[in-house]
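The structure appears below as structure tokens.
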There are 2 protein chains.
Amino acid sequence: MTNRVYNFSAGPSTLPEHVIQTVKEELLDYKGIGASIIEISHRLPIFEEILDSAKSLFSELTNLPKNYKILFMHGGAQMQFSAVPLNLMSHNFRKGSYFLTGRWGILAEKEAKRYGKTEIVLDGKEYEYLEIPEFDNDSLDSGSCYAHLTTNNTLFGTRWNSFPDTGKVPLVADATSDILSREIDYSNFGVVYAGFQKNLGIPGTAIVIIREDLIGNALPETPKLLDYGLYVKENSLPNTINVFAIYVMNLVIKWIKKQGGVSEMEKLAMKKSKLLYDVLDNSNFYKILAHPKNRSTMNVTFNINENILLEKFLNEAENEGFFALKGHSLVGGIRASIYNAMPLEGVEELSIFMKYFEKKYG
Amino acid sequence: MTNRVYNFSAGPSTLPEHVIQTVKEELLDYKGIGASIIEISHRLPIFEEILDSAKSLFSELTNLPKNYKILFMHGGAQMQFSAVPLNLMSHNFRKGSYFLTGRWGILAEKEAKRYGKTEIVLDGKEYEYLEIPEFDNDSLDSGSCYAHLTTNNTLFGTRWNSFPDTGKVPLVADATSDILSREIDYSNFGVVYAGFQKNLGIPGTAIVIIREDLIGNALPETPKLLDYGLYVKENSLPNTINVFAIYVMNLVIKWIKKQGGVSEMEKLAMKKSKLLYDVLDNSNFYKILAHPKNRSTMNVTFNINENILLEKFLNEAENEGFFALKGHSLVGGIRASIYNAMPLEGVEELSIFMKYFEKKYG
């Protein structure tokens, strides 16, 4: 893999090289059965082992309390924008509360309106979503069915450092872009969900971690494959699961365990992001987009004042083997997505390139 | 791949060996970009090329009329059990008609009831679904929003040889288990859909082929990622698509083209299934389950009268490298699923084994 680039894509994103190597080695003949992992039934015991391993290892890595279930569902995080209100809104009081801290929260709230009332308990709009405002408890209806937030905002490069206390209202978190990169106490959440394609492998599937008492009350219009209760009952196999995605996810979390677990991932994320923020803080050439108190450890967003230099930066970076650094079209600038699988050396080399580029053109 | 078995699994199922080899060869570094296909964004031009290729090649292979759109959606065929009524039922007259010829049709009708009225226009129950009864036009409400059938019934080994004329009522077909194995005239259908995991690659994604005039009238409770209109508008990218599934599907249909296209696949399916049916027809030992007029060319189902011999058959077959021949638990017996990717030699060898087994124990 001599020509492997450093892939800073926001998602789907870089995977541990070891994982891709393993997939390659095992692809033609999985564990000697004479068939590929991409050809076998989801009902085979040899796949059930993978599914069980994925669930028990995830529980272990997150110290998941016993009263939580792990589901694997079709469609990524945006399918959960529908599934959350469909499963959590009460039949006779359909209301969900939303923290709007970026694009995904906004889309989640918009989707929930299809099924009931929503209230916005916090909106970062006035800060152009580059800062998360303080949460005022009084803005939350204590009778709301749930309160939904996005733990980390990929586009803007912000994150919640600590999570709001919503009292008896179950807190629901879209953790797609920082799951398993920081230690969190799952007992503070009613539901945590995440699309696979950043820290858990490949796109098309989501993990849903749900407190048991919230299961089994889906609204009557819930499509069967969006019903949490059915997935619990059928052990995530109400129909054919994405076998390959679960297989890759299991390899990814095994790799995380080998690195020392989530606490080590968190230390690494702090170290990697600090490397970049230090370069940026010590520069008049680059401008960090996110407010200091909400800086993400997964997506570092910044800009260069002159447009011509921005394009030059992206082109030269790509020529040097730094891939997919262009910011999201709604935000502009540069975004370095440094998920768990991005090696420290990739970030070190990028920081050197950034300093070199500033010296040359700044 | 010396120890490769013949994999008769009903789905996920065997893939062309050439496809798996290609995946392996390209896995570490897709087309020299320095990253794996399982690490790249669905927004990259290099993936859009794959997506465009998959669509145009599918159109070419099926002679798809110009007024049809091709969508790729999350969740396999069962997600379409919900999507079909959600997209096709009229807002003020919610009614769908169902042909029940096996398990999947039954489940589809059950799901549709969530959103409106259903009528059953044909039911194979009295034949234990081993035969498809004649269709009486009068049983169909000509004002129904659509009429849904399953082209091939995996569990029972039956299929529609020719499709019923439903007049002005759009015909909707779940073609999961025989898509691209037979030439069909898409202009006779309003919607044809299929999960990927039999003739199109790996599970978790479905193809939906839809006549343009049926697009854009989803019911208000339709989750955004089940809305055909949104998928048309966003070119199947309303959110992160299962990149790897589209990539594999594109390789599979390229392989089909190289074999001579759908007409060659159909000839091969006839030849392969005839090989097995001939053995069975000439035997008093085995018993074919499906009625002669509805025999599937994809799933050949049969039984041995004595239970002890059935187990012996399955065990000895597995020892000889014939994998996953056990019938579905609801049907019992033996099922040889011989989708497009099953080589002729696999079926020839199975037919020899069947004759050998009959001679030994019959």
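Starting from 1 in every chain, residues are counted up; chains themselves are A, B, ... following the order of the structure tokens, and ligands are numbered from 1 as listed.
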Apply DSSP to the structure's backbone, then extract all residues of stretch 251-334 of chain B labelled strand (DSSP E) and return them as a list in words. Tyr286, Lys287, Ile288, Asn299, Val300, Thr301, Phe302, Asn303, Ile304, Phe322, Phe323 and Ile334 of chain B
Find the residues of chain A in contact range of chain B, meaning any atom within 7 Å when counting only C-alpha atoms, and list them as a short mmCIF file (atom, residue, chain, number, x, y, z; two decimals) with N, CA, C and O atoms, in the first residue's frame.
data_model
loop_
_atom_site.label_atom_id
_atom_site.label_comp_id
_atom_site.auth_asym_id
_atom_site.auth_seq_id
_atom_site.Cartn_x
_atom_site.Cartn_y
_atom_site.Cartn_z
N ASN A 3 1.21 3.63 -2.11
CA ASN A 3 0.64 4.88 -2.60
C ASN A 3 -0.63 5.28 -1.86
O ASN A 3 -1.44 6.02 -2.37
N ARG A 4 -0.81 4.76 -0.64
CA ARG A 4 -2.00 5.08 0.12
C ARG A 4 -1.98 6.55 0.53
O ARG A 4 -1.00 7.03 1.10
N VAL A 5 -3.06 7.27 0.24
CA VAL A 5 -3.15 8.68 0.60
C VAL A 5 -3.60 8.80 2.06
O VAL A 5 -4.08 7.84 2.66
N SER A 9 -11.60 12.54 4.21
CA SER A 9 -13.00 12.60 3.82
C SER A 9 -13.92 12.58 5.03
O SER A 9 -13.69 11.86 6.01
N GLY A 11 -16.87 11.45 5.25
CA GLY A 11 -17.64 10.22 5.37
C GLY A 11 -18.40 9.93 4.09
O GLY A 11 -19.02 10.84 3.58
N PRO A 12 -18.38 8.69 3.59
CA PRO A 12 -17.53 7.60 4.04
C PRO A 12 -16.06 8.04 4.12
O PRO A 12 -15.63 8.91 3.38
N SER A 13 -15.34 7.40 5.03
CA SER A 13 -14.02 7.92 5.38
C SER A 13 -13.00 6.80 5.54
O SER A 13 -13.32 5.63 5.36
N THR A 14 -11.79 7.23 5.86
CA THR A 14 -10.68 6.27 5.93
C THR A 14 -10.97 5.16 6.96
O THR A 14 -11.62 5.40 7.97
N LEU A 15 -10.49 3.98 6.66
CA LEU A 15 -10.61 2.84 7.58
C LEU A 15 -9.21 2.43 8.01
O LEU A 15 -8.23 2.72 7.33
N ILE A 20 -8.79 -3.20 6.20
CA ILE A 20 -8.91 -3.43 4.74
C ILE A 20 -8.07 -4.64 4.33
O ILE A 20 -8.49 -5.46 3.52
N LYS A 24 -9.44 -8.09 2.63
CA LYS A 24 -8.84 -8.63 1.40
C LYS A 24 -8.41 -10.08 1.58
O LYS A 24 -8.72 -10.94 0.76
N LEU A 27 -11.41 -12.47 1.80
CA LEU A 27 -12.54 -12.27 0.88
C LEU A 27 -12.93 -13.51 0.07
O LEU A 27 -14.11 -13.80 -0.12
N LEU A 28 -11.96 -14.26 -0.40
CA LEU A 28 -12.30 -15.37 -1.30
C LEU A 28 -12.88 -16.56 -0.55
O LEU A 28 -13.70 -17.31 -1.09
N GLY A 34 -15.30 -22.05 2.08
CA GLY A 34 -15.39 -22.23 0.63
C GLY A 34 -16.29 -21.23 -0.06
O GLY A 34 -16.67 -21.40 -1.23
N ALA A 35 -16.67 -20.17 0.64
CA ALA A 35 -17.48 -19.10 0.07
C ALA A 35 -17.04 -17.78 0.68
O ALA A 35 -16.41 -17.75 1.75
N ILE A 38 -19.30 -12.19 1.37
CA ILE A 38 -20.34 -11.45 0.64
C ILE A 38 -21.30 -12.39 -0.10
O ILE A 38 -22.16 -11.95 -0.85
N GLU A 39 -21.19 -13.69 0.17
CA GLU A 39 -22.08 -14.65 -0.48
C GLU A 39 -22.90 -15.48 0.51
O GLU A 39 -23.63 -16.38 0.09
N ILE A 40 -22.73 -15.23 1.80
CA ILE A 40 -23.35 -16.17 2.75
C ILE A 40 -24.62 -15.62 3.38
O ILE A 40 -24.81 -14.42 3.50
N SER A 41 -25.47 -16.53 3.82
CA SER A 41 -26.74 -16.17 4.43
C SER A 41 -26.52 -15.55 5.80
O SER A 41 -25.64 -15.95 6.56
N HIS A 74 -31.24 -0.66 8.71
CA HIS A 74 -30.94 -0.19 7.35
C HIS A 74 -30.98 1.34 7.26
O HIS A 74 -31.81 1.97 7.89
N GLY A 75 -30.09 1.89 6.44
CA GLY A 75 -30.32 3.25 5.98
C GLY A 75 -29.52 4.38 6.57
O GLY A 75 -29.72 5.51 6.17
N GLN A 78 -29.87 9.13 8.63
CA GLN A 78 -31.07 9.86 8.19
C GLN A 78 -32.33 9.01 8.25
O GLN A 78 -33.43 9.54 8.38
N MET A 79 -32.20 7.70 8.17
CA MET A 79 -33.39 6.86 8.37
C MET A 79 -33.85 7.00 9.82
O MET A 79 -35.05 6.92 10.10
N SER A 82 -36.40 9.67 10.82
CA SER A 82 -37.80 9.23 10.80
C SER A 82 -38.08 8.26 11.95
O SER A 82 -39.13 8.34 12.60
N ARG A 114 -43.26 15.65 10.34
CA ARG A 114 -44.16 14.79 9.58
C ARG A 114 -45.09 14.00 10.52
O ARG A 114 -46.19 13.63 10.12
N TYR A 115 -44.62 13.73 11.71
CA TYR A 115 -45.34 12.80 12.59
C TYR A 115 -45.96 13.45 13.82
O TYR A 115 -46.74 12.81 14.53
N ILE A 202 -18.63 1.05 6.93
CA ILE A 202 -19.12 1.44 5.60
C ILE A 202 -20.58 1.89 5.66
O ILE A 202 -21.31 1.53 6.57
N PRO A 203 -21.00 2.67 4.67
CA PRO A 203 -22.35 3.26 4.72
C PRO A 203 -23.49 2.28 4.46
O PRO A 203 -23.30 1.19 3.96
N GLY A 204 -24.72 2.71 4.83
CA GLY A 204 -25.92 1.95 4.52
C GLY A 204 -26.58 1.33 5.74
O GLY A 204 -27.69 0.80 5.65
N GLU A 221 -48.26 4.13 11.98
CA GLU A 221 -47.79 4.30 10.60
C GLU A 221 -46.32 3.94 10.41
O GLU A 221 -45.75 4.16 9.34
N PRO A 223 -43.26 2.05 9.30
CA PRO A 223 -42.91 0.92 8.43
C PRO A 223 -42.23 -0.17 9.26
O PRO A 223 -41.46 0.14 10.17
N LEU A 225 -39.77 -2.05 8.98
CA LEU A 225 -38.31 -2.04 9.11
C LEU A 225 -37.76 -0.78 9.76
O LEU A 225 -36.56 -0.53 9.77
N ASN A 239 -35.25 -8.89 8.46
CA ASN A 239 -35.05 -9.26 7.05
C ASN A 239 -33.54 -9.39 6.84
O ASN A 239 -32.77 -9.40 7.81
N THR A 240 -33.11 -9.48 5.60
CA THR A 240 -31.69 -9.72 5.35
C THR A 240 -30.87 -8.50 5.73
O THR A 240 -31.04 -7.42 5.16
N ILE A 241 -29.99 -8.68 6.68
CA ILE A 241 -29.13 -7.60 7.14
C ILE A 241 -27.97 -7.42 6.16
O ILE A 241 -27.68 -8.30 5.35
N ASN A 242 -27.35 -6.25 6.21
CA ASN A 242 -26.17 -5.99 5.39
C ASN A 242 -24.98 -6.73 6.02
O ASN A 242 -24.23 -6.19 6.83
N VAL A 243 -24.84 -7.98 5.64
CA VAL A 243 -23.83 -8.88 6.22
C VAL A 243 -22.43 -8.26 6.18
O VAL A 243 -21.70 -8.24 7.18
#
Report as a PyMOL selection string all protein, DNA and RNA residues lying within 12 Å of A:Ile338, evaluated on only C-alpha atoms, omitting residues in the same chain fewer than 4 positions from it. chain A and resi 6-11+13-15+154+157+177-178+181+198-199+265-266+268-276+296-301+322-325+342-348+350
Take the residues just selected and output them with C-alpha atoms as a compact mmCIF listing (two decimals), in the first residue's frame.
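Writing the result to part10.txt gives the following:
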# COMPACT_ATOMS: atom_id res chain seq x y z
CA TYR A 6 -4.16 10.32 3.87
CA ASN A 7 -7.91 10.40 3.38
CA PHE A 8 -9.55 13.29 5.27
CA SER A 9 -13.00 12.60 3.82
CA ALA A 10 -15.92 13.51 6.09
CA GLY A 11 -17.64 10.22 5.37
CA SER A 13 -14.02 7.92 5.38
CA THR A 14 -10.68 6.27 5.93
CA LEU A 15 -10.61 2.84 7.58
CA THR A 154 -19.36 17.49 10.82
CA GLY A 157 -16.52 21.40 13.17
CA SER A 177 -19.51 11.52 13.56
CA ASP A 178 -17.97 10.90 16.95
CA SER A 181 -14.06 8.53 19.75
CA LYS A 198 -17.38 7.36 9.83
CA ASN A 199 -16.19 5.49 12.93
CA MET A 265 -9.26 6.72 20.90
CA GLU A 266 -10.24 9.81 22.88
CA LEU A 268 -5.59 10.14 20.21
CA ALA A 269 -8.42 12.39 18.98
CA MET A 270 -7.38 15.12 21.44
CA LYS A 271 -3.77 14.81 20.37
CA LYS A 272 -4.54 14.85 16.65
CA SER A 273 -6.96 17.75 16.81
CA LYS A 274 -4.65 19.75 19.11
CA LEU A 275 -1.85 19.39 16.57
CA LEU A 276 -4.00 21.11 13.97
CA SER A 296 -14.59 19.26 17.42
CA THR A 297 -11.94 16.60 17.82
CA MET A 298 -13.21 14.84 14.67
CA ASN A 299 -13.64 17.61 12.10
CA VAL A 300 -11.24 20.54 12.13
CA THR A 301 -12.66 23.37 9.99
CA PHE A 322 -3.79 14.74 1.52
CA PHE A 323 -7.15 13.70 0.14
CA ALA A 324 -10.65 15.25 0.43
CA LEU A 325 -9.80 18.36 2.49
CA MET A 342 -6.82 8.51 10.67
CA PRO A 343 -3.28 7.73 11.84
CA LEU A 344 -1.40 10.29 13.94
CA GLU A 345 1.26 10.50 11.21
CA GLY A 346 -1.36 11.68 8.73
CA VAL A 347 -2.20 14.61 10.98
CA GLU A 348 1.45 15.34 11.76
CA LEU A 350 -0.75 17.66 7.38
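In this model, the gap between atom CA of A:Ala108 and atom CA of A:Thr150 comes to 9.5 Å.
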note - atom CA of A:Arg159 and atom CA of A:Leu310 are separated by 24.7 Å
For B:Tyr228, list every protein, DNA or RNA residue within 7 Å, evaluated using only C-alpha atoms, and leave out those in the same chain fewer than 6 positions away; present the list as a list in words. Asn87, Ile215 and Gly216 of chain B
Secondary structure check, alpha helix (DSSP H) residues of stretch 41-266 of chain A, as an mmCIF file with N, CA and C atoms, in the first residue's frame:
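The result, written out as result_22.cif:
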data_model
loop_
_atom_site.group_PDB
_atom_site.id
_atom_site.type_symbol
_atom_site.label_atom_id
_atom_site.label_comp_id
_atom_site.auth_asym_id
_atom_site.auth_seq_id
_atom_site.Cartn_x
_atom_site.Cartn_y
_atom_site.Cartn_z
ATOM 1 N N PRO A 45 -24.854 -19.856 11.244
ATOM 2 C CA PRO A 45 -24.196 -19.670 12.550
ATOM 3 C C PRO A 45 -22.891 -18.879 12.441
ATOM 4 N N ILE A 46 -22.166 -19.048 11.348
ATOM 5 C CA ILE A 46 -20.885 -18.348 11.228
ATOM 6 C C ILE A 46 -21.082 -16.839 11.095
ATOM 7 N N PHE A 47 -22.245 -16.427 10.581
ATOM 8 C CA PHE A 47 -22.542 -14.985 10.604
ATOM 9 C C PHE A 47 -23.102 -14.552 11.955
ATOM 10 N N GLU A 48 -23.913 -15.390 12.554
ATOM 11 C CA GLU A 48 -24.455 -15.035 13.879
ATOM 12 C C GLU A 48 -23.329 -14.776 14.878
ATOM 13 N N GLU A 49 -22.223 -15.519 14.724
ATOM 14 C CA GLU A 49 -21.051 -15.274 15.576
ATOM 15 C C GLU A 49 -20.532 -13.844 15.402
ATOM 16 N N ILE A 50 -20.509 -13.400 14.144
ATOM 17 C CA ILE A 50 -20.038 -12.036 13.876
ATOM 18 C C ILE A 50 -20.986 -11.024 14.517
ATOM 19 N N LEU A 51 -22.278 -11.257 14.337
ATOM 20 C CA LEU A 51 -23.297 -10.347 14.880
ATOM 21 C C LEU A 51 -23.193 -10.284 16.407
ATOM 22 N N ASP A 52 -23.070 -11.440 17.035
ATOM 23 C CA ASP A 52 -22.954 -11.471 18.496
ATOM 24 C C ASP A 52 -21.684 -10.774 18.958
ATOM 25 N N SER A 53 -20.593 -11.025 18.231
ATOM 26 C CA SER A 53 -19.321 -10.402 18.582
ATOM 27 C C SER A 53 -19.434 -8.882 18.473
ATOM 28 N N ALA A 54 -20.060 -8.407 17.406
ATOM 29 C CA ALA A 54 -20.192 -6.956 17.198
ATOM 30 C C ALA A 54 -20.954 -6.327 18.362
ATOM 31 N N LYS A 55 -22.011 -7.003 18.804
ATOM 32 C CA LYS A 55 -22.813 -6.454 19.887
ATOM 33 C C LYS A 55 -22.087 -6.523 21.229
ATOM 34 N N SER A 56 -21.473 -7.670 21.526
ATOM 35 C CA SER A 56 -20.863 -7.791 22.854
ATOM 36 C C SER A 56 -19.605 -6.921 22.950
ATOM 37 N N LEU A 57 -18.885 -6.813 21.868
ATOM 38 C CA LEU A 57 -17.679 -5.983 21.899
ATOM 39 C C LEU A 57 -18.040 -4.502 22.008
ATOM 40 N N PHE A 58 -19.102 -4.101 21.306
ATOM 41 C CA PHE A 58 -19.542 -2.701 21.424
ATOM 42 C C PHE A 58 -19.957 -2.404 22.869
ATOM 43 N N SER A 59 -20.701 -3.339 23.476
ATOM 44 C CA SER A 59 -21.117 -3.169 24.880
ATOM 45 C C SER A 59 -19.904 -3.027 25.784
ATOM 46 N N GLU A 60 -18.922 -3.874 25.540
ATOM 47 C CA GLU A 60 -17.709 -3.858 26.363
ATOM 48 C C GLU A 60 -16.971 -2.521 26.205
ATOM 49 N N LEU A 61 -16.814 -2.083 24.972
ATOM 50 C CA LEU A 61 -16.053 -0.861 24.709
ATOM 51 C C LEU A 61 -16.725 0.379 25.295
ATOM 52 N N THR A 62 -18.050 0.330 25.423
ATOM 53 C CA THR A 62 -18.788 1.515 25.871
ATOM 54 C C THR A 62 -19.288 1.378 27.310
ATOM 55 N N GLY A 76 -28.626 4.150 7.491
ATOM 56 C CA GLY A 76 -27.818 5.241 8.019
ATOM 57 C C GLY A 76 -28.592 6.156 8.955
ATOM 58 N N ALA A 77 -27.920 7.237 9.359
ATOM 59 C CA ALA A 77 -28.501 8.116 10.375
ATOM 60 C C ALA A 77 -29.791 8.780 9.900
ATOM 61 N N GLN A 78 -29.870 9.130 8.629
ATOM 62 C CA GLN A 78 -31.065 9.862 8.188
ATOM 63 C C GLN A 78 -32.330 9.008 8.251
ATOM 64 N N MET A 79 -32.202 7.697 8.167
ATOM 65 C CA MET A 79 -33.387 6.860 8.367
ATOM 66 C C MET A 79 -33.853 6.998 9.820
ATOM 67 N N GLN A 80 -32.902 7.251 10.715
ATOM 68 C CA GLN A 80 -33.262 7.440 12.117
ATOM 69 C C GLN A 80 -33.967 8.775 12.357
ATOM 70 N N PHE A 81 -33.758 9.744 11.467
ATOM 71 C CA PHE A 81 -34.503 11.006 11.597
ATOM 72 C C PHE A 81 -36.009 10.709 11.570
ATOM 73 N N SER A 82 -36.396 9.669 10.819
ATOM 74 C CA SER A 82 -37.802 9.232 10.800
ATOM 75 C C SER A 82 -38.082 8.263 11.950
ATOM 76 N N ALA A 83 -37.165 7.330 12.167
ATOM 77 C CA ALA A 83 -37.423 6.270 13.151
ATOM 78 C C ALA A 83 -37.579 6.821 14.565
ATOM 79 N N VAL A 84 -36.821 7.845 14.906
ATOM 80 C CA VAL A 84 -36.900 8.382 16.275
ATOM 81 C C VAL A 84 -38.302 8.895 16.603
ATOM 82 N N PRO A 85 -38.871 9.825 15.827
ATOM 83 C CA PRO A 85 -40.252 10.229 16.165
ATOM 84 C C PRO A 85 -41.238 9.077 16.036
ATOM 85 N N LEU A 86 -41.072 8.208 15.042
ATOM 86 C CA LEU A 86 -42.016 7.104 14.856
ATOM 87 C C LEU A 86 -42.015 6.152 16.055
ATOM 88 N N ASN A 87 -40.881 5.994 16.699
ATOM 89 C CA ASN A 87 -40.788 5.061 17.820
ATOM 90 C C ASN A 87 -40.955 5.725 19.185
ATOM 91 N N LEU A 88 -40.617 7.011 19.288
ATOM 92 C CA LEU A 88 -40.605 7.630 20.620
ATOM 93 C C LEU A 88 -41.769 8.567 20.889
ATOM 94 N N ARG A 103 -26.481 21.195 10.432
ATOM 95 C CA ARG A 103 -27.341 20.737 9.359
ATOM 96 C C ARG A 103 -28.148 19.480 9.706
ATOM 97 N N TRP A 104 -27.514 18.520 10.382
ATOM 98 C CA TRP A 104 -28.197 17.238 10.608
ATOM 99 C C TRP A 104 -29.324 17.372 11.614
ATOM 100 N N GLY A 105 -29.115 18.197 12.631
ATOM 101 C CA GLY A 105 -30.185 18.450 13.592
ATOM 102 C C GLY A 105 -31.367 19.140 12.929
ATOM 103 N N ILE A 106 -31.054 20.072 12.025
ATOM 104 C CA ILE A 106 -32.113 20.794 11.308
ATOM 105 C C ILE A 106 -32.943 19.817 10.475
ATOM 106 N N LEU A 107 -32.262 18.926 9.771
ATOM 107 C CA LEU A 107 -32.981 17.941 8.941
ATOM 108 C C LEU A 107 -33.775 16.962 9.804
ATOM 109 N N ALA A 108 -33.224 16.603 10.953
ATOM 110 C CA ALA A 108 -33.932 15.677 11.852
ATOM 111 C C ALA A 108 -35.232 16.310 12.339
ATOM 112 N N GLU A 109 -35.171 17.597 12.697
ATOM 113 C CA GLU A 109 -36.374 18.284 13.201
ATOM 114 C C GLU A 109 -37.417 18.392 12.090
ATOM 115 N N LYS A 110 -36.950 18.689 10.898
ATOM 116 C CA LYS A 110 -37.865 18.827 9.757
ATOM 117 C C LYS A 110 -38.622 17.509 9.517
ATOM 118 N N GLU A 111 -37.906 16.404 9.616
ATOM 119 C CA GLU A 111 -38.526 15.097 9.386
ATOM 120 C C GLU A 111 -39.527 14.754 10.490
ATOM 121 N N ALA A 112 -39.195 15.122 11.721
ATOM 122 C CA ALA A 112 -40.078 14.791 12.853
ATOM 123 C C ALA A 112 -41.435 15.477 12.719
ATOM 124 N N TYR A 228 -38.315 -0.222 16.149
ATOM 125 C CA TYR A 228 -37.296 -0.714 17.081
ATOM 126 C C TYR A 228 -37.720 -2.033 17.729
ATOM 127 N N GLY A 229 -39.003 -2.137 18.076
ATOM 128 C CA GLY A 229 -39.496 -3.336 18.759
ATOM 129 C C GLY A 229 -39.259 -4.597 17.939
ATOM 130 N N LEU A 230 -39.506 -4.498 16.638
ATOM 131 C CA LEU A 230 -39.306 -5.658 15.761
ATOM 132 C C LEU A 230 -37.830 -6.058 15.701
ATOM 133 N N TYR A 231 -36.946 -5.051 15.639
ATOM 134 C CA TYR A 231 -35.511 -5.360 15.577
ATOM 135 C C TYR A 231 -35.022 -6.029 16.860
ATOM 136 N N VAL A 232 -35.590 -5.609 17.995
ATOM 137 C CA VAL A 232 -35.218 -6.256 19.263
ATOM 138 C C VAL A 232 -35.671 -7.708 19.225
ATOM 139 N N LYS A 233 -36.939 -7.895 18.834
ATOM 140 C CA LYS A 233 -37.526 -9.230 18.820
ATOM 141 C C LYS A 233 -36.763 -10.165 17.875
ATOM 142 N N VAL A 243 -24.835 -7.975 5.639
ATOM 143 C CA VAL A 243 -23.827 -8.877 6.222
ATOM 144 C C VAL A 243 -22.427 -8.257 6.179
ATOM 145 N N PHE A 244 -22.061 -7.710 5.037
ATOM 146 C CA PHE A 244 -20.710 -7.172 4.867
ATOM 147 C C PHE A 244 -20.470 -5.984 5.811
ATOM 148 N N ALA A 245 -21.478 -5.130 5.984
ATOM 149 C CA ALA A 245 -21.317 -3.963 6.865
ATOM 150 C C ALA A 245 -21.083 -4.387 8.316
ATOM 151 N N ILE A 246 -21.802 -5.416 8.753
ATOM 152 C CA ILE A 246 -21.625 -5.891 10.137
ATOM 153 C C ILE A 246 -20.243 -6.534 10.289
ATOM 154 N N TYR A 247 -19.856 -7.278 9.270
ATOM 155 C CA TYR A 247 -18.523 -7.913 9.261
ATOM 156 C C TYR A 247 -17.420 -6.853 9.383
ATOM 157 N N VAL A 248 -17.497 -5.805 8.574
ATOM 158 C CA VAL A 248 -16.476 -4.749 8.609
ATOM 159 C C VAL A 248 -16.530 -4.009 9.952
ATOM 160 N N MET A 249 -17.738 -3.733 10.440
ATOM 161 C CA MET A 249 -17.891 -3.038 11.719
ATOM 162 C C MET A 249 -17.235 -3.840 12.841
ATOM 163 N N ASN A 250 -17.443 -5.148 12.808
ATOM 164 C CA ASN A 250 -16.838 -6.008 13.824
ATOM 165 C C ASN A 250 -15.306 -5.946 13.765
ATOM 166 N N LEU A 251 -14.758 -5.903 12.557
ATOM 167 C CA LEU A 251 -13.306 -5.767 12.413
ATOM 168 C C LEU A 251 -12.839 -4.411 12.953
ATOM 169 N N VAL A 252 -13.615 -3.366 12.671
ATOM 170 C CA VAL A 252 -13.234 -2.019 13.108
ATOM 171 C C VAL A 252 -13.209 -1.939 14.640
ATOM 172 N N ILE A 253 -14.229 -2.488 15.288
ATOM 173 C CA ILE A 253 -14.237 -2.356 16.757
ATOM 174 C C ILE A 253 -13.228 -3.301 17.418
ATOM 175 N N LYS A 254 -12.935 -4.415 16.767
ATOM 176 C CA LYS A 254 -11.825 -5.248 17.264
ATOM 177 C C LYS A 254 -10.516 -4.461 17.224
ATOM 178 N N TRP A 255 -10.344 -3.722 16.142
ATOM 179 C CA TRP A 255 -9.150 -2.881 15.991
ATOM 180 C C TRP A 255 -9.110 -1.813 17.092
ATOM 181 N N ILE A 256 -10.264 -1.213 17.390
ATOM 182 C CA ILE A 256 -10.324 -0.200 18.455
ATOM 183 C C ILE A 256 -9.910 -0.818 19.793
ATOM 184 N N LYS A 257 -10.417 -2.009 20.057
ATOM 185 C CA LYS A 257 -10.059 -2.677 21.313
ATOM 186 C C LYS A 257 -8.543 -2.895 21.397
ATOM 187 N N LYS A 258 -7.972 -3.311 20.282
ATOM 188 C CA LYS A 258 -6.532 -3.563 20.229
ATOM 189 C C LYS A 258 -5.723 -2.280 20.461
ATOM 190 N N GLN A 259 -6.270 -1.155 20.044
ATOM 191 C CA GLN A 259 -5.588 0.129 20.260
ATOM 192 C C GLN A 259 -5.681 0.589 21.712
ATOM 193 N N VAL A 262 -11.865 2.846 23.868
ATOM 194 C CA VAL A 262 -12.381 4.194 23.591
ATOM 195 C C VAL A 262 -11.548 5.270 24.283
ATOM 196 N N SER A 263 -11.048 4.980 25.488
ATOM 197 C CA SER A 263 -10.257 6.013 26.177
ATOM 198 C C SER A 263 -9.002 6.351 25.373
ATOM 199 N N GLU A 264 -8.393 5.345 24.765
ATOM 200 C CA GLU A 264 -7.210 5.606 23.924
ATOM 201 C C GLU A 264 -7.604 6.351 22.651
ATOM 202 N N MET A 265 -8.767 6.002 22.080
ATOM 203 C CA MET A 265 -9.256 6.722 20.899
ATOM 204 C C MET A 265 -9.465 8.195 21.244
ATOM 205 N N GLU A 266 -9.980 8.431 22.454
ATOM 206 C CA GLU A 266 -10.244 9.810 22.879
ATOM 207 C C GLU A 266 -8.935 10.594 23.031
#
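Of the residues listed (A:Ser187, A:Thr166, A:Asn282, A:Asn161), A:Thr166 shows the shortest atom-to-atom separation from A:Ser144; distances use only C-alpha atoms.
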Point-to-point distance in Å for atom CA of B:Gly333 and atom CA of B:Lys359: 18.8 Å
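Restricting the calculation to only C-alpha atoms, the smallest distance between B:Ser283 and any of B:Asn307, B:Ser351, B:Asn235, B:Ser90 is found for B:Ser351.
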Please provide the set of residues having any atom within 9 Å of stretch 66-68 of chain A, restricted to only C-alpha atoms, with same-chain residues fewer than 6 positions apart removed, written as a list in words. Ser59, Tyr186, Ser187, Gly190, Val191, Ile209, Ile210, Arg211, Glu212 and Asp213 of chain A
